[in-house]
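What's in structure.txt: compact mmCIF, C-alpha atoms
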# COMPACT_ATOMS: atom_id res chain seq x y z
CA MET A 1 210.26 115.10 167.95
CA ARG A 2 213.79 113.99 167.14
CA LEU A 3 214.24 114.43 163.40
CA GLY A 4 217.07 112.96 161.32
CA PHE A 5 217.81 114.55 157.96
CA VAL A 6 219.73 112.49 155.40
CA VAL A 7 221.25 114.41 152.49
CA GLN A 8 224.14 113.76 150.12
CA ARG A 9 226.04 117.00 150.87
CA TYR A 10 225.59 119.66 153.53
CA GLY A 11 227.26 122.95 154.34
CA GLU A 12 226.86 126.70 154.41
CA ASP A 13 229.15 126.93 151.37
CA ILE A 14 226.77 124.82 149.25
CA ALA A 15 224.63 127.61 147.93
CA GLY A 16 221.83 126.00 145.95
CA GLY A 17 219.84 122.98 144.94
CA ALA A 18 218.48 120.27 147.19
CA GLU A 19 221.31 120.83 149.66
CA LEU A 20 220.30 124.43 150.39
CA HIS A 21 216.66 123.31 150.42
CA CYS A 22 217.53 120.72 153.07
CA ARG A 23 219.50 123.16 155.21
CA LEU A 24 216.76 125.79 155.20
CA VAL A 25 214.05 123.29 156.16
CA ALA A 26 216.27 121.76 158.85
CA GLU A 27 217.08 125.14 160.41
CA HIS A 28 213.43 126.17 160.50
CA LEU A 29 212.15 122.87 161.90
CA ASN A 30 214.92 123.01 164.52
CA GLU A 31 212.96 125.84 166.15
CA PHE A 32 210.22 123.34 167.04
CA HIS A 33 212.01 119.96 167.15
CA HIS A 34 215.44 118.45 167.80
CA VAL A 35 217.10 118.17 164.37
CA GLU A 36 220.28 116.32 163.40
CA ILE A 37 221.90 116.01 159.96
CA PHE A 38 223.45 112.84 158.56
CA THR A 39 225.58 113.44 155.47
CA THR A 40 228.88 112.67 153.79
CA CYS A 41 232.28 114.36 153.73
CA ALA A 42 231.78 115.22 150.04
CA LYS A 43 231.53 118.77 148.77
CA ASP A 44 231.63 118.20 145.00
CA TYR A 45 228.60 116.38 143.57
CA VAL A 46 230.50 115.15 140.50
CA SER A 47 233.49 113.43 142.12
CA TRP A 48 232.14 112.89 145.68
CA LYS A 49 235.68 113.55 146.89
CA ASN A 50 235.95 113.68 150.69
CA GLU A 51 236.70 117.31 151.52
CA TYR A 52 234.87 117.98 154.78
CA THR A 53 236.29 116.55 158.02
CA LYS A 54 234.48 113.44 159.17
CA GLY A 55 232.75 113.38 162.53
CA ARG A 56 230.37 115.68 164.36
CA GLN A 57 230.18 119.45 164.09
CA ILE A 58 227.59 122.13 164.79
CA ILE A 59 226.29 124.32 161.97
CA ASN A 60 223.84 127.07 162.95
CA GLY A 61 222.92 125.21 166.12
CA ILE A 62 222.32 121.83 164.45
CA PRO A 63 224.51 118.72 164.98
CA VAL A 64 225.91 117.53 161.64
CA HIS A 65 227.32 114.00 161.41
CA ARG A 66 229.69 113.51 158.47
CA TYR A 67 230.71 110.11 157.13
CA PRO A 68 233.36 109.43 154.49
CA VAL A 69 232.51 108.37 150.95
CA ARG A 70 234.15 105.00 150.33
CA LYS A 71 234.96 105.66 146.68
CA THR A 72 234.92 108.69 144.43
CA ARG A 73 232.83 108.53 141.27
CA ASN A 74 234.53 106.87 138.32
CA ILE A 75 233.13 108.98 135.51
CA ARG A 76 233.83 106.45 132.76
CA SER A 77 232.28 103.56 134.69
CA PHE A 78 229.31 105.72 135.71
CA GLU A 79 228.64 106.89 132.15
CA ASN A 80 228.92 103.35 130.78
CA VAL A 81 226.32 102.06 133.24
CA GLN A 82 224.14 105.14 132.74
CA ASN A 83 224.12 104.74 128.97
CA LEU A 84 222.91 101.17 129.41
CA VAL A 85 220.12 101.79 131.93
CA PHE A 86 218.89 105.06 130.43
CA HIS A 87 218.53 103.82 126.87
CA GLU A 88 217.24 100.26 127.13
CA SER A 89 215.59 97.98 129.66
CA GLN A 90 218.07 96.34 132.02
CA PRO A 91 217.84 93.83 134.89
CA ILE A 92 217.16 95.34 138.29
CA GLU A 93 220.74 94.48 139.29
CA MET A 94 222.05 96.91 136.66
CA GLU A 95 219.75 99.67 137.92
CA GLU A 96 221.04 99.02 141.44
CA ARG A 97 224.56 99.33 140.09
CA TRP A 98 223.65 102.71 138.59
CA ILE A 99 222.43 103.92 142.00
CA LYS A 100 225.71 102.82 143.58
CA GLU A 101 227.81 104.40 140.81
CA ASN A 102 225.77 107.60 141.08
CA GLY A 103 226.65 107.71 144.77
CA PRO A 104 227.63 109.00 147.15
CA TYR A 105 228.54 105.50 148.34
CA SER A 106 228.97 105.70 152.12
CA PRO A 107 228.35 102.45 154.01
CA GLN A 108 229.52 104.16 157.22
CA LEU A 109 226.64 106.64 156.94
CA VAL A 110 224.19 103.74 156.68
CA LYS A 111 225.72 102.09 159.76
CA GLY A 112 225.50 105.41 161.58
CA ILE A 113 221.79 105.94 160.94
CA ILE A 114 220.91 102.31 161.78
CA GLN A 115 222.33 102.91 165.27
CA ARG A 116 220.08 105.94 165.88
CA SER A 117 216.95 104.22 167.18
CA ASP A 118 216.14 107.43 169.09
CA ILE A 119 215.22 109.30 165.90
CA ASP A 120 211.44 109.56 165.59
CA ILE A 121 211.15 110.52 161.91
CA TRP A 122 213.65 110.69 159.08
CA ILE A 123 213.51 113.32 156.33
CA LEU A 124 215.33 112.21 153.19
CA PHE A 125 216.43 114.49 150.36
CA SER A 126 216.70 113.71 146.64
CA TYR A 127 215.40 110.35 145.50
CA ARG A 128 218.21 109.49 143.06
CA TYR A 129 221.16 109.28 145.48
CA TRP A 130 222.51 106.10 147.06
CA THR A 131 222.27 107.54 150.57
CA THR A 132 218.58 108.37 150.13
CA VAL A 133 217.73 104.98 148.63
CA GLN A 134 219.37 103.08 151.48
CA ALA A 135 217.78 105.24 154.19
CA LEU A 136 214.35 104.92 152.57
CA ARG A 137 214.63 101.14 152.45
CA LEU A 138 215.59 101.12 156.10
CA PHE A 139 213.00 103.44 157.56
CA LYS A 140 210.08 103.24 155.11
CA LYS A 141 206.97 104.52 156.94
CA LYS A 142 209.14 106.43 159.42
CA ALA A 143 210.47 108.58 156.58
CA ILE A 144 209.36 111.67 154.72
CA LEU A 145 210.84 111.76 151.24
CA VAL A 146 211.61 115.09 149.55
CA PRO A 147 212.21 113.75 146.03
CA THR A 148 213.29 116.92 144.15
CA ALA A 149 212.44 115.05 140.96
CA GLU A 150 212.66 116.43 137.43
CA HIS A 151 211.97 115.00 133.96
CA ASP A 152 215.09 112.89 134.28
CA PRO A 153 215.71 109.45 132.70
CA ALA A 154 216.57 108.14 136.18
CA LEU A 155 213.00 108.77 137.26
CA TYR A 156 211.79 106.11 134.85
CA LEU A 157 213.98 103.29 136.20
CA SER A 158 211.82 100.49 137.54
CA VAL A 159 213.64 100.49 140.88
CA PHE A 160 212.29 103.94 141.74
CA LYS A 161 208.67 103.02 140.99
CA GLU A 162 208.70 100.81 144.08
CA LEU A 163 210.76 103.17 146.19
CA PHE A 164 208.19 105.95 145.81
CA LYS A 165 205.66 103.67 147.52
CA LEU A 166 207.79 103.16 150.65
CA PRO A 167 207.78 106.44 152.63
CA GLY A 168 205.25 107.48 155.20
CA ALA A 169 204.82 110.76 153.34
CA ILE A 170 206.25 112.73 150.42
CA ALA A 171 206.91 116.48 150.40
CA TYR A 172 206.68 117.52 146.76
CA ASN A 173 208.12 120.72 145.34
CA SER A 174 205.36 121.43 142.83
CA VAL A 175 202.04 120.23 141.48
CA GLU A 176 203.83 119.09 138.33
CA GLU A 177 206.36 117.02 140.28
CA GLN A 178 203.57 115.37 142.27
CA GLU A 179 201.60 114.49 139.14
CA LEU A 180 204.72 113.22 137.38
CA ILE A 181 205.65 110.85 140.21
CA HIS A 182 202.04 109.67 140.58
CA SER A 183 201.89 108.85 136.87
CA ILE A 184 205.14 106.87 136.97
CA ALA A 185 204.93 105.14 140.36
CA GLY A 186 201.18 104.84 140.91
CA ASN A 187 201.72 105.91 144.53
CA ARG A 188 198.68 108.10 145.12
CA LYS A 189 197.95 106.19 148.34
CA VAL A 190 201.15 107.54 149.91
CA ARG A 191 200.38 110.66 151.95
CA GLY A 192 201.78 113.69 150.20
CA ASP A 193 201.54 117.45 149.90
CA VAL A 194 203.01 120.15 147.68
CA VAL A 195 205.31 121.86 150.17
CA GLY A 196 208.35 123.38 148.48
CA VAL A 197 210.68 125.55 150.52
CA GLY A 198 210.93 129.09 151.83
CA LEU A 199 213.80 131.45 151.21
CA PRO A 200 216.87 132.50 153.21
CA ASP A 201 216.41 135.57 155.35
CA THR A 202 217.46 138.77 153.59
CA GLU A 203 220.54 140.57 154.85
CA ASN A 204 220.01 144.06 156.25
CA ASN A 205 223.61 145.00 157.00
CA CYS A 206 225.31 148.04 155.56
CA GLN A 207 227.71 146.18 153.28
CA GLU A 208 228.32 148.18 150.12
CA THR A 209 227.24 146.76 146.77
CA ARG A 210 227.55 147.69 143.14
CA ASP A 211 225.28 150.47 141.90
CA PHE A 212 222.79 148.29 140.05
CA ARG A 213 220.57 151.28 139.23
CA ALA A 214 223.34 152.58 136.99
CA MET A 215 223.27 149.30 135.04
CA ASP A 216 219.62 149.68 134.02
CA PRO A 217 218.24 148.20 131.82
CA TYR A 218 219.42 144.68 132.53
CA ILE A 219 217.93 141.23 132.74
CA LEU A 220 219.32 138.81 135.29
CA TYR A 221 220.30 135.15 135.42
CA ILE A 222 221.27 133.55 138.73
CA GLY A 223 222.47 129.97 139.04
CA ARG A 224 224.98 127.47 137.79
CA ILE A 225 226.18 128.52 134.35
CA ASP A 226 225.73 125.15 132.76
CA LYS A 227 224.33 123.48 129.65
CA ASN A 228 222.03 121.48 131.94
CA LYS A 229 220.51 124.78 133.08
CA GLY A 230 219.88 125.93 129.51
CA CYS A 231 222.55 128.62 129.60
CA ASP A 232 223.94 127.71 126.17
CA HIS A 233 220.50 128.37 124.64
CA LEU A 234 220.11 131.57 126.66
CA PHE A 235 223.43 132.91 125.39
CA ARG A 236 222.58 132.16 121.77
CA MET A 237 219.13 133.75 122.01
CA PHE A 238 220.34 136.83 123.85
CA LEU A 239 223.21 137.52 121.44
CA ARG A 240 220.82 137.13 118.51
CA PHE A 241 218.43 139.52 120.24
CA CYS A 242 221.22 142.10 120.67
CA LYS A 243 222.13 141.80 116.99
CA ASP A 244 218.63 141.80 115.50
CA VAL A 245 216.41 143.76 117.92
CA ARG A 246 218.20 146.08 120.35
CA ASP A 247 221.60 146.25 121.96
CA ASP A 248 220.96 148.66 124.83
CA VAL A 249 220.10 145.97 127.38
CA SER A 250 222.57 143.85 129.37
CA LEU A 251 222.46 140.27 130.56
CA LEU A 252 223.88 140.12 134.08
CA ILE A 253 224.98 136.68 135.22
CA ILE A 254 225.59 135.53 138.79
CA GLY A 255 226.92 132.03 139.34
CA LYS A 256 229.72 129.56 138.85
CA PRO A 257 230.62 128.94 135.19
CA VAL A 258 230.75 125.37 133.96
CA ILE A 259 230.59 126.38 130.29
CA PRO A 260 232.28 129.39 128.62
CA ILE A 261 230.55 132.75 128.87
CA PRO A 262 230.41 134.74 125.62
CA ALA A 263 232.81 137.64 125.32
CA HIS A 264 230.30 140.33 124.44
CA PRO A 265 229.88 143.89 125.79
CA SER A 266 226.23 143.21 126.71
CA VAL A 267 227.02 140.05 128.71
CA ARG A 268 228.37 140.75 132.20
CA HIS A 269 229.46 137.97 134.51
CA LEU A 270 229.56 139.17 138.11
CA GLY A 271 231.02 135.91 139.44
CA PHE A 272 230.55 135.16 143.12
CA VAL A 273 228.59 137.81 144.99
CA SER A 274 227.36 138.16 148.56
CA GLU A 275 223.76 137.38 149.46
CA ARG A 276 223.10 141.09 149.89
CA GLU A 277 224.55 141.93 146.49
CA LYS A 278 222.51 139.18 144.85
CA ASN A 279 219.38 140.62 146.45
CA GLU A 280 220.24 144.09 145.19
CA ALA A 281 220.71 142.71 141.69
CA LEU A 282 217.25 141.14 141.92
CA ARG A 283 215.66 144.27 143.32
CA HIS A 284 216.75 146.42 140.35
CA CYS A 285 216.59 144.03 137.40
CA ARG A 286 213.92 144.45 134.74
CA PHE A 287 213.16 140.75 135.06
CA LEU A 288 214.74 137.42 135.94
CA VAL A 289 215.30 134.89 133.15
CA MET A 290 215.32 131.14 133.88
CA PRO A 291 216.19 129.02 130.78
CA SER A 292 216.35 125.62 132.51
CA ARG A 293 214.43 122.73 130.94
CA TYR A 294 214.46 120.57 134.08
CA GLU A 295 213.42 121.83 137.51
CA SER A 296 211.41 120.50 140.44
CA LEU A 297 211.23 123.99 141.94
CA SER A 298 213.26 127.08 141.12
CA MET A 299 214.14 128.92 144.33
CA VAL A 300 215.53 131.85 142.37
CA LEU A 301 212.09 132.32 140.80
CA LEU A 302 210.68 132.72 144.30
CA GLU A 303 213.47 135.16 145.15
CA ALA A 304 212.56 137.31 142.16
CA TRP A 305 208.91 137.35 143.23
CA ARG A 306 209.89 138.26 146.77
CA TYR A 307 211.28 141.47 145.27
CA GLN A 308 208.23 141.87 143.03
CA ARG A 309 210.19 141.27 139.85
CA PRO A 310 208.60 139.52 136.85
CA THR A 311 210.16 136.40 135.40
CA LEU A 312 210.71 134.94 131.93
CA VAL A 313 211.12 131.15 131.89
CA ASN A 314 211.61 128.23 129.53
CA GLY A 315 208.08 127.09 128.72
CA ARG A 316 209.34 123.61 127.88
CA CYS A 317 209.85 123.10 131.63
CA GLU A 318 206.40 122.13 132.93
CA VAL A 319 207.25 123.16 136.49
CA LEU A 320 208.43 126.67 135.57
CA GLN A 321 205.54 127.22 133.19
CA GLY A 322 203.10 125.97 135.84
CA GLN A 323 204.55 128.31 138.45
CA CYS A 324 204.14 131.26 136.11
CA LEU A 325 200.58 130.31 135.17
CA ARG A 326 199.44 129.80 138.77
CA SER A 327 201.07 133.01 139.97
CA ASN A 328 200.56 135.25 136.92
CA GLY A 329 204.05 136.34 137.92
CA GLY A 330 205.90 135.62 134.70
CA LEU A 331 205.90 134.87 131.00
CA PHE A 332 207.30 131.84 129.22
CA TYR A 333 208.81 131.09 125.81
CA LYS A 334 209.32 127.94 123.74
CA ASN A 335 211.44 129.34 120.90
CA TYR A 336 213.56 132.36 119.98
CA ASP A 337 210.70 134.38 118.51
CA GLU A 338 208.68 134.10 121.71
CA PHE A 339 211.79 134.90 123.76
CA ALA A 340 212.48 138.06 121.78
CA GLU A 341 208.83 139.15 121.83
CA HIS A 342 208.56 138.76 125.61
CA VAL A 343 211.88 140.50 126.28
CA VAL A 344 210.70 143.52 124.28
CA PHE A 345 207.31 143.47 126.00
CA LEU A 346 208.76 143.40 129.52
CA LEU A 347 211.30 146.11 128.69
CA GLU A 348 208.85 148.48 126.97
CA ASN A 349 205.80 147.99 129.20
CA LYS A 350 207.23 148.87 132.57
CA SER A 351 203.89 149.35 134.36
CA VAL A 352 202.59 145.98 133.17
CA ALA A 353 205.89 144.33 134.15
CA GLU A 354 205.56 145.85 137.62
CA ARG A 355 202.04 144.46 137.92
CA ILE A 356 203.23 141.00 136.89
CA GLY A 357 205.94 141.19 139.55
CA LYS A 358 203.40 142.14 142.23
CA GLN A 359 201.24 139.17 141.27
CA GLY A 360 204.29 136.93 141.72
CA PHE A 361 204.85 138.48 145.15
CA ARG A 362 201.30 137.63 146.26
CA TYR A 363 201.78 134.05 145.07
CA TYR A 364 205.05 133.82 147.01
CA GLN A 365 203.38 135.14 150.18
CA GLU A 366 200.46 132.71 149.94
CA ASN A 367 202.54 129.61 149.20
CA TYR A 368 206.17 130.04 150.21
CA GLU A 369 206.35 132.16 153.35
CA TRP A 370 207.97 130.06 156.08
CA ARG A 371 204.81 129.93 158.19
CA VAL A 372 203.10 128.11 155.30
CA ILE A 373 206.01 125.70 154.76
CA GLU A 374 206.32 124.96 158.49
CA ASP A 375 202.60 124.23 158.85
CA LYS A 376 202.73 121.75 155.96
CA TYR A 377 205.73 119.94 157.45
CA GLU A 378 204.04 119.78 160.85
CA SER A 379 201.01 118.15 159.24
CA LEU A 380 203.19 115.57 157.47
CA LEU A 381 205.18 114.88 160.65
CA LYS A 382 202.03 114.21 162.67
CA SER A 383 200.70 111.90 159.99
CA VAL A 384 203.93 109.89 159.84
CA GLU A 385 204.17 109.77 163.63
CA LEU A 386 200.69 108.27 163.91
CA ASN A 387 201.23 105.70 161.15
CA SER A 388 204.72 104.55 162.16
CA MET A 389 204.39 103.98 165.90
CA GLY A 390 206.25 100.85 166.87
CA ASP A 391 208.05 100.45 163.57
CA SER A 392 211.76 99.60 163.52
CA PRO A 393 214.33 99.83 160.74
CA SER A 394 214.04 97.16 158.07
CA GLU A 395 216.91 95.03 156.95
CA MET A 396 218.86 96.89 154.29
CA ALA A 397 218.07 95.60 150.81
Go ahead and express the file in the form of structure tokens.
Amino acid sequence: MRLGFVVQRYGEDIAGGAELHCRLVAEHLNEFHHVEIFTTCAKDYVSWKNEYTKGRQIINGIPVHRYPVRKTRNIRSFENVQNLVFHESQPIEMEERWIKENGPYSPQLVKGIIQRSDIDIWILFSYRYWTTVQALRLFKKKAILVPTAEHDPALYLSVFKELFKLPGAIAYNSVEEQELIHSIAGNRKVRGDVVGVGLPDTENNCQETRDFRAMDPYILYIGRIDKNKGCDHLFRMFLRFCKDVRDDVSLLIIGKPVIPIPAHPSVRHLGFVSEREKNEALRHCRFLVMPSRYESLSMVLLEAWRYQRPTLVNGRCEVLQGQCLRSNGGLFYKNYDEFAEHVVFLLENKSVAERIGKQGFRYYQENYEWRVIEDKYESLLKSVELNSMGDSPSEMA
């Protein structure tokens, strides 16, 4: 089939989130189908500033079509509209304005995909973006939506309740995400499956890395260092743990800082690291900690389980807690006392921690190896193909 992927940003230098998810799925499905990417020239998801060159380029064998964003995000205007629609009921026109302000607003991208009548099925990433909304309204039953939805106020806007009923199929990231969207949109009749995503291939080159064995014992955080990821709470809990319980363990942090990192001898920020070095850090950590409250699927959790490492997650995130319960690959906390208790347990019971990590590895193999992901996408593609024969793009709403 000819598959068109629509995603808000795309590039090898975008290292996480829905954008990496999209690129990995696209590259794997390109082995069986003809895949093309339709995206914007934006690199930064806050400003939507045009940074990539518009036009066509090839990335890892896949044609990528970039279209300019007409206007960057006006933060003040966006926040004003968001405060209105998130905190009280508003007319549908105001919700539509929020979608446009959220962006990325690229009418040229919409014109570009309308012209591609040769595309058999469209795969659309992240429900909340303007590009996704417009493509979904155009292609409806010819589209597979990958919502990447979290417990987010946007999810409860009335406009999305109807949008979740439009696609030919939905590829959910987790059982919790599927149940959440079903409860809000009442779209159980839409074909769907819990698919998720596999992981990037590990690097086997001889590039030197830090000696992570010499840093033992350490716990590891990987991701954006941001309040939205729960890092402020993690810092406070860890520093309290060092003061009150034991100070011979380090917190290693890999990722881009958005908030300040505490100046403390037990907190080590490694900054940007290579994929190989990140993997080595995972391989030798005592456990991975994930403090985020809002996730549709944590890829770094899967990466930890690939290396048979246990995890400790924020139990107030239903998705993370559910992943740990189904896999028996991690523990979860809901307050400082539980955090401290589980940190001590995982540090002092090494054999049990190893067993927990191995259980996570089995769960990863059974659910997130690429052969499993590819089979699920093939099933969804065949279903959409059968149900959308003869359909043509709708008029844009």
Excluding same-chain residues fewer than 6 positions from segment 74-85 of chain A, what lies within 9 Å of it counting all atoms listed in the file, as an mmCIF file with C-alpha atoms, keeping the file's coordinate frame?
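Wrote it out as result.cif, contents follow:
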data_model
loop_
_atom_site.group_PDB
_atom_site.id
_atom_site.type_symbol
_atom_site.label_atom_id
_atom_site.label_comp_id
_atom_site.auth_asym_id
_atom_site.auth_seq_id
_atom_site.Cartn_x
_atom_site.Cartn_y
_atom_site.Cartn_z
ATOM 1 C CA VAL A 46 230.500 115.150 140.500
ATOM 2 C CA SER A 47 233.490 113.430 142.120
ATOM 3 C CA PRO A 91 217.840 93.830 134.890
ATOM 4 C CA MET A 94 222.050 96.910 136.660
ATOM 5 C CA GLU A 95 219.750 99.670 137.920
ATOM 6 C CA ARG A 97 224.560 99.330 140.090
ATOM 7 C CA TRP A 98 223.650 102.710 138.590
ATOM 8 C CA GLU A 101 227.810 104.400 140.810
ATOM 9 C CA ASN A 102 225.770 107.600 141.080
ATOM 10 C CA PRO A 153 215.710 109.450 132.700
ATOM 11 C CA ALA A 154 216.570 108.140 136.180
ATOM 12 C CA LEU A 157 213.980 103.290 136.200
#
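Atom CA of Gly330 of chain A is positioned 10.2 Å from atom CA of Arg355 of chain A.
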Mind checking which residues fall within 9 Å of Asn387 of chain A, counting all atoms listed in the file, ignoring those fewer than 5 positions away in the same chain, and posting them as a PDB file with C-alpha atoms, in the frame of the given file?
ATOM      1  CA  LYS A 141     206.970 104.520 156.940  1.00  0.00           C
ATOM      2  CA  LYS A 142     209.140 106.430 159.420  1.00  0.00           C
ATOM      3  CA  GLY A 168     205.250 107.480 155.200  1.00  0.00           C
ATOM      4  CA  LYS A 382     202.030 114.210 162.670  1.00  0.00           C
TER       5      LYS A 382
END
Next on the checklist: What does the structure give for the distance between atom CA of Tyr172 of chain A and atom CA of Val194 of chain A, in Å to one decimal?
Outcome noted: 4.6 Å
May I have the residues within 7 Å of Pro291 of chain A as an mmCIF file with C-alpha atoms, in the frame of the given file, using all atoms listed in the file and disregarding those fewer than 2 positions away in the same chain?
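So the final result, stored in out-v2.cif, reads:
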data_model
loop_
_atom_site.group_PDB
_atom_site.id
_atom_site.type_symbol
_atom_site.label_atom_id
_atom_site.label_comp_id
_atom_site.auth_asym_id
_atom_site.auth_seq_id
_atom_site.Cartn_x
_atom_site.Cartn_y
_atom_site.Cartn_z
ATOM 1 C CA LYS A 229 220.510 124.780 133.080
ATOM 2 C CA GLY A 230 219.880 125.930 129.510
ATOM 3 C CA CYS A 231 222.550 128.620 129.600
ATOM 4 C CA LEU A 234 220.110 131.570 126.660
ATOM 5 C CA VAL A 289 215.300 134.890 133.150
ATOM 6 C CA ARG A 293 214.430 122.730 130.940
ATOM 7 C CA VAL A 313 211.120 131.150 131.890
ATOM 8 C CA ASN A 314 211.610 128.230 129.530
#
Item to check | Residues within 12 Å of (216.6, 104.9, 158.7), counting only C-alpha atoms, listed as a ChimeraX atom specification | outcome: /A:3-6,38,109-124,131-145,167,391-396
Can you write out the residues you just picked, keeping C-alpha atoms, as a PDB file, keeping the file's coordinate frame?
ATOM      1  CA  LEU A   3     214.240 114.430 163.400  1.00  0.00           C
ATOM      2  CA  GLY A   4     217.070 112.960 161.320  1.00  0.00           C
ATOM      3  CA  PHE A   5     217.810 114.550 157.960  1.00  0.00           C
ATOM      4  CA  VAL A   6     219.730 112.490 155.400  1.00  0.00           C
ATOM      5  CA  PHE A  38     223.450 112.840 158.560  1.00  0.00           C
ATOM      6  CA  LEU A 109     226.640 106.640 156.940  1.00  0.00           C
ATOM      7  CA  VAL A 110     224.190 103.740 156.680  1.00  0.00           C
ATOM      8  CA  LYS A 111     225.720 102.090 159.760  1.00  0.00           C
ATOM      9  CA  GLY A 112     225.500 105.410 161.580  1.00  0.00           C
ATOM     10  CA  ILE A 113     221.790 105.940 160.940  1.00  0.00           C
ATOM     11  CA  ILE A 114     220.910 102.310 161.780  1.00  0.00           C
ATOM     12  CA  GLN A 115     222.330 102.910 165.270  1.00  0.00           C
ATOM     13  CA  ARG A 116     220.080 105.940 165.880  1.00  0.00           C
ATOM     14  CA  SER A 117     216.950 104.220 167.180  1.00  0.00           C
ATOM     15  CA  ASP A 118     216.140 107.430 169.090  1.00  0.00           C
ATOM     16  CA  ILE A 119     215.220 109.300 165.900  1.00  0.00           C
ATOM     17  CA  ASP A 120     211.440 109.560 165.590  1.00  0.00           C
ATOM     18  CA  ILE A 121     211.150 110.520 161.910  1.00  0.00           C
ATOM     19  CA  TRP A 122     213.650 110.690 159.080  1.00  0.00           C
ATOM     20  CA  ILE A 123     213.510 113.320 156.330  1.00  0.00           C
ATOM     21  CA  LEU A 124     215.330 112.210 153.190  1.00  0.00           C
ATOM     22  CA  THR A 131     222.270 107.540 150.570  1.00  0.00           C
ATOM     23  CA  THR A 132     218.580 108.370 150.130  1.00  0.00           C
ATOM     24  CA  VAL A 133     217.730 104.980 148.630  1.00  0.00           C
ATOM     25  CA  GLN A 134     219.370 103.080 151.480  1.00  0.00           C
ATOM     26  CA  ALA A 135     217.780 105.240 154.190  1.00  0.00           C
ATOM     27  CA  LEU A 136     214.350 104.920 152.570  1.00  0.00           C
ATOM     28  CA  ARG A 137     214.630 101.140 152.450  1.00  0.00           C
ATOM     29  CA  LEU A 138     215.590 101.120 156.100  1.00  0.00           C
ATOM     30  CA  PHE A 139     213.000 103.440 157.560  1.00  0.00           C
ATOM     31  CA  LYS A 140     210.080 103.240 155.110  1.00  0.00           C
ATOM     32  CA  LYS A 141     206.970 104.520 156.940  1.00  0.00           C
ATOM     33  CA  LYS A 142     209.140 106.430 159.420  1.00  0.00           C
ATOM     34  CA  ALA A 143     210.470 108.580 156.580  1.00  0.00           C
ATOM     35  CA  ILE A 144     209.360 111.670 154.720  1.00  0.00           C
ATOM     36  CA  LEU A 145     210.840 111.760 151.240  1.00  0.00           C
ATOM     37  CA  PRO A 167     207.780 106.440 152.630  1.00  0.00           C
ATOM     38  CA  ASP A 391     208.050 100.450 163.570  1.00  0.00           C
ATOM     39  CA  SER A 392     211.760  99.600 163.520  1.00  0.00           C
ATOM     40  CA  PRO A 393     214.330  99.830 160.740  1.00  0.00           C
ATOM     41  CA  SER A 394     214.040  97.160 158.070  1.00  0.00           C
ATOM     42  CA  GLU A 395     216.910  95.030 156.950  1.00  0.00           C
ATOM     43  CA  MET A 396     218.860  96.890 154.290  1.00  0.00           C
TER      44      MET A 396
END
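With all atoms listed in the file as the atoms that count, the residue of A:Arg286, A:Arg66, A:Arg326, A:His33 with the shortest distance to Met215 of chain A is A:Arg286.
Atom CA of Leu251 of chain A is found 9.8 Å from atom CA of Leu288 of chain A.
Considering all atoms listed in the file, the residue among A:Phe125, A:Tyr67, A:Phe332, A:Tyr221 positioned nearest to Ala281 of chain A is A:Tyr221.
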Checklist entry - Which protein, DNA or RNA residues have an atom at most 9 Å from (224.2, 145.2, 142.4), counting only C-alpha atoms? List them as a VMD selection string. => result chain A and resid 209 to 213 215 273 276 to 284
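For the choices A:Arg9, A:Ala26, A:His233, A:Tyr364, the atom-to-atom distance to Asn50 of chain A is smallest for A:Arg9 when using all atoms listed in the file.
Using all atoms listed in the file, the nearest neighbour of Pro68 of chain A within the list A:Ala42, A:Ala149, A:Ala353, A:Leu381 is A:Ala42.
Shortest separation to Ser351 of chain A among A:Arg309, A:Ser292, A:Val197, A:Asn328 occurs at residue A:Arg309, atoms counted being all atoms listed in the file.
The smallest atom-to-atom distance between Ser274 of chain A and any of A:Val25, A:Ile254, A:Val35, A:Met1, using all atoms listed in the file, is found for A:Ile254.
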Item to check | Neighbour list for Ile59 of chain A as a VMD selection string, cut-off 8 Å, only C-alpha atoms, skip fewer than 3 positions in-chain | outcome: chain A and resid 11 to 12 62 to 64
